[in-house]
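Everything below concerns the one structure shown next.
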Amino acid sequence: MAKARHNYIIRKMTILRFLLLSLLYFVAASPSWGYAYEGLNPSNYNYNLKVGATTTISLGTTYANVLQRSSVISYSYKSTNTSVATVTTYTKNRATIKGMGVGKCKIQYDCTYNQDGYIRKYAFHYDVTVTAATVLVTNVTLNVTSATLEVGGTRQLTATVYPTNATNRNVNWSTSLAAVATVSSSGMVTAKGVGTATIYCNAADGSGKRASCSITVVSRQKQEQTLGRTTLPEVVYGANNSRTVCLLNKTTNEGLTLTWSVADTEVASISSLAGTPLLAIRNAGTTKVTATQAGNDDYMPFVREFTFIVKKAPLTISVSDCAKVQGEENPEFTINYSGFKYNETSDGALAKLPTVTTSATTNSPEGSYALIVDGAEARNYEIVYNNGNMSVSNVQRGDANGDGTITVTDIAVVVNRILQLDAEGGYETGLDANRDGQITVTDIGVIVDKILVTKTSANSRKMEQEVEPQ
């Protein structure tokens, strides 16, 4: 019984020893994490590379030394995203990785080794960041390689950078001689002075690529100025009863202010209306009107001469018909004017007044005699004459009905004419008793006076006959 119990105890202790040894073996063979940084390799855990580039990731010196003294059972490097980075080759201590695309991933390292009879394990990762590959500029060209500009002129240069996928396609501009030509940050060239300068366009990525353009600057070639107006209107003196003819051009077509002048200021004048030149009539005639512009750095001087004609206005001069009694002196003739402009009169508008001539004299027999008006002179008028007639009658003044006597009957004839009851009745010389060329109530008074004179004379003769001795 005692022996059986002893054997039982021996078996239990053997089993316990086996379990203890197994536990120790398990502990000895458990993985050994090389660091306590959440799975990162603390010696060099962050790698950056460009797409298409390769780099080497390595174990830290401590871990490499451990493996050097141990028997490595297995090891591997694996990418968590092969579209970002892949492992191309590797050994137990290092691996070569290649950037495949822009992004981030991890390279996982796993290694099992035997150290002093114990199985151990490394398991950690490397953080890898892959960025776009740097593409350097291979060539720079310009839209022109040489140009000629006038002083003050500009020219836009345009750069083309190759390849089109270059990482930095910016360019920097510069000039060899700023006194001749300058260039802006956008490639706009401005000519400053006569000479030659070189404009450089340099790639900004440090590739050393550049292009150039030779700029030759010459003196500015002035342009001719132009004017749309080629003629001035031909006008008649006093047309529309206004002295204004037209507005003149204020500037040339290029926008430069014109100066207007008149050769004969007796014919026309230049004034201004709200800053715009105005051509006005002064007298009939022909003159030169000139437009001038002095020019500037861009344009040549401009001169254009116009012929301006002001024709004479028509003026009609006529003499009124009249009548007289045989034996009377010729009356003062009435001259009429039609066509004066600007409220002018014969006194101011005529250099010489017209005269009226006739063949009739004091004792010319009864009949009709022509009245010829002529001799007027005027600068601004083209004169047309209308002649008249003078009737010579043997009917005395006041004998309105032409019966040879002056009586109250003649008064009735004058009244009818004045009242226009008989527009053509009677004799003109008889009706116009006072010889003023008009038939009015005044003529009635003259007739009355003549009747009274006649009566008085008749009574006197009668009284003389009565007192004459028998």
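Here, A, B, ... name the chains of the structure tokens in the order displayed, residue numbers run from 1 inside each chain, and ligands are numbered from 1 in the same displayed order.
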(request) Can you pull out every residue within 8 Å of A:Thr355, counting only C-alpha atoms, but drop anything in the same chain fewer than 2 positions away, and send it as a list in words? (result)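 Counting only C-alpha atoms, the residues come to Leu353, Thr357, Val373, Asp374, Gly375 and Ala376 of chain A.
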(message) List as a list in words the protein and nucleic acid residues near A:Leu177, meaning an atom at most 9 Å away when only C-alpha atoms are counted, but skip any in the same chain fewer than 5 places from it.
(response)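 Within the cut-off, the hits are Thr182, Thr196, Ala197, Thr198 and Ile199 of chain A.
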(message) So that I can check the surroundings of A:Thr129, please list as JSON, numbers by chain every protein, DNA and RNA residue that reaches within 9 Å of it, counting only C-alpha atoms and ignoring chain neighbours fewer than 3 positions away.
(response) {"A": [46, 47, 48, 49, 50, 84, 85, 99, 102, 103, 104, 105, 106]}
(request) Do a neighbour search on stretch 235-247 of chain A at 7 Å with only C-alpha atoms, toss out local chain neighbours closer than 4 positions, and write the hits as a PyMOL selection string. (result) chain A and resi 276-281+283-284+309-313+341-342+380
(request) Mind giving me the straight-line distance from atom CA of A:Asn114 to atom CA of A:Tyr75 in Å, one decimal? (result)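 Result for atom CA of A:Asn114 versus atom CA of A:Tyr75: 12.2 Å, one decimal.
Checking A:Ala132, A:Ile119, A:His125, A:Ile107 one by one against A:Ala53, counting only C-alpha atoms, you find the shortest gap at A:Ala132.
The environment of A:Asn394 within 9 Å, counting only C-alpha atoms and disregarding residues fewer than 2 places along the same chain, consists of Lys324, Val325, Gln326, Gly327, Pro365, Glu366, Val392, Gln396 and Thr429 of chain A.
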(request) Write out as a count of residues only all residues of stretch 124-189 of chain A that backbone DSSP assigns to strand (DSSP E or B). (result) 34
(request) Could you check how far atom CA of A:Thr265 sits from atom CA of A:Thr290, in Å to one decimal? (result)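 Atom CA of A:Thr290 lies 12.3 Å from atom CA of A:Thr265.
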(message) When you look at stretch 155-162 of chain A with a cut-off of 10 Å (counting only C-alpha atoms), what residues show up, excluding the ones that are within fewer than 3 positions of it in the same chain? I need them as a PyMOL selection string.
(response) chain A and resi 135-145+147-149+165-166+168-171+173+183-184+186-191+199+201-203+209-213+215
(request) Select, from A:Leu248, A:Ile411, A:Ala95, A:Leu256, the residue with the minimum atom-to-atom distance to A:Asp298, counting only C-alpha atoms. (result)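 Selected residue with least distance to A:Asp298: A:Leu256.
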(message) For a quick check of understanding, using only C-alpha atoms, which of A:Ile451, A:Ser185, A:Ser207, A:Glu224 has the smallest distance to A:Met300?
(response)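 Looking only at the distances to A:Met300, the closest residue turns out to be A:Glu224.
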(request) For each of A:Tyr200, A:Trp260, A:Tyr385, A:Phe306, take the minimum atom-to-atom distance to A:Gln293, counting only C-alpha atoms, then give the residue where this is smallest. (result)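 Residue with the minimum atom-to-atom distance to A:Gln293: A:Trp260.
Nearest-residue note for A:Thr440: choosing from A:Asn416, A:Asn93, A:Thr175, A:Thr409, the minimum distance belongs to A:Asn416, counting only C-alpha atoms.
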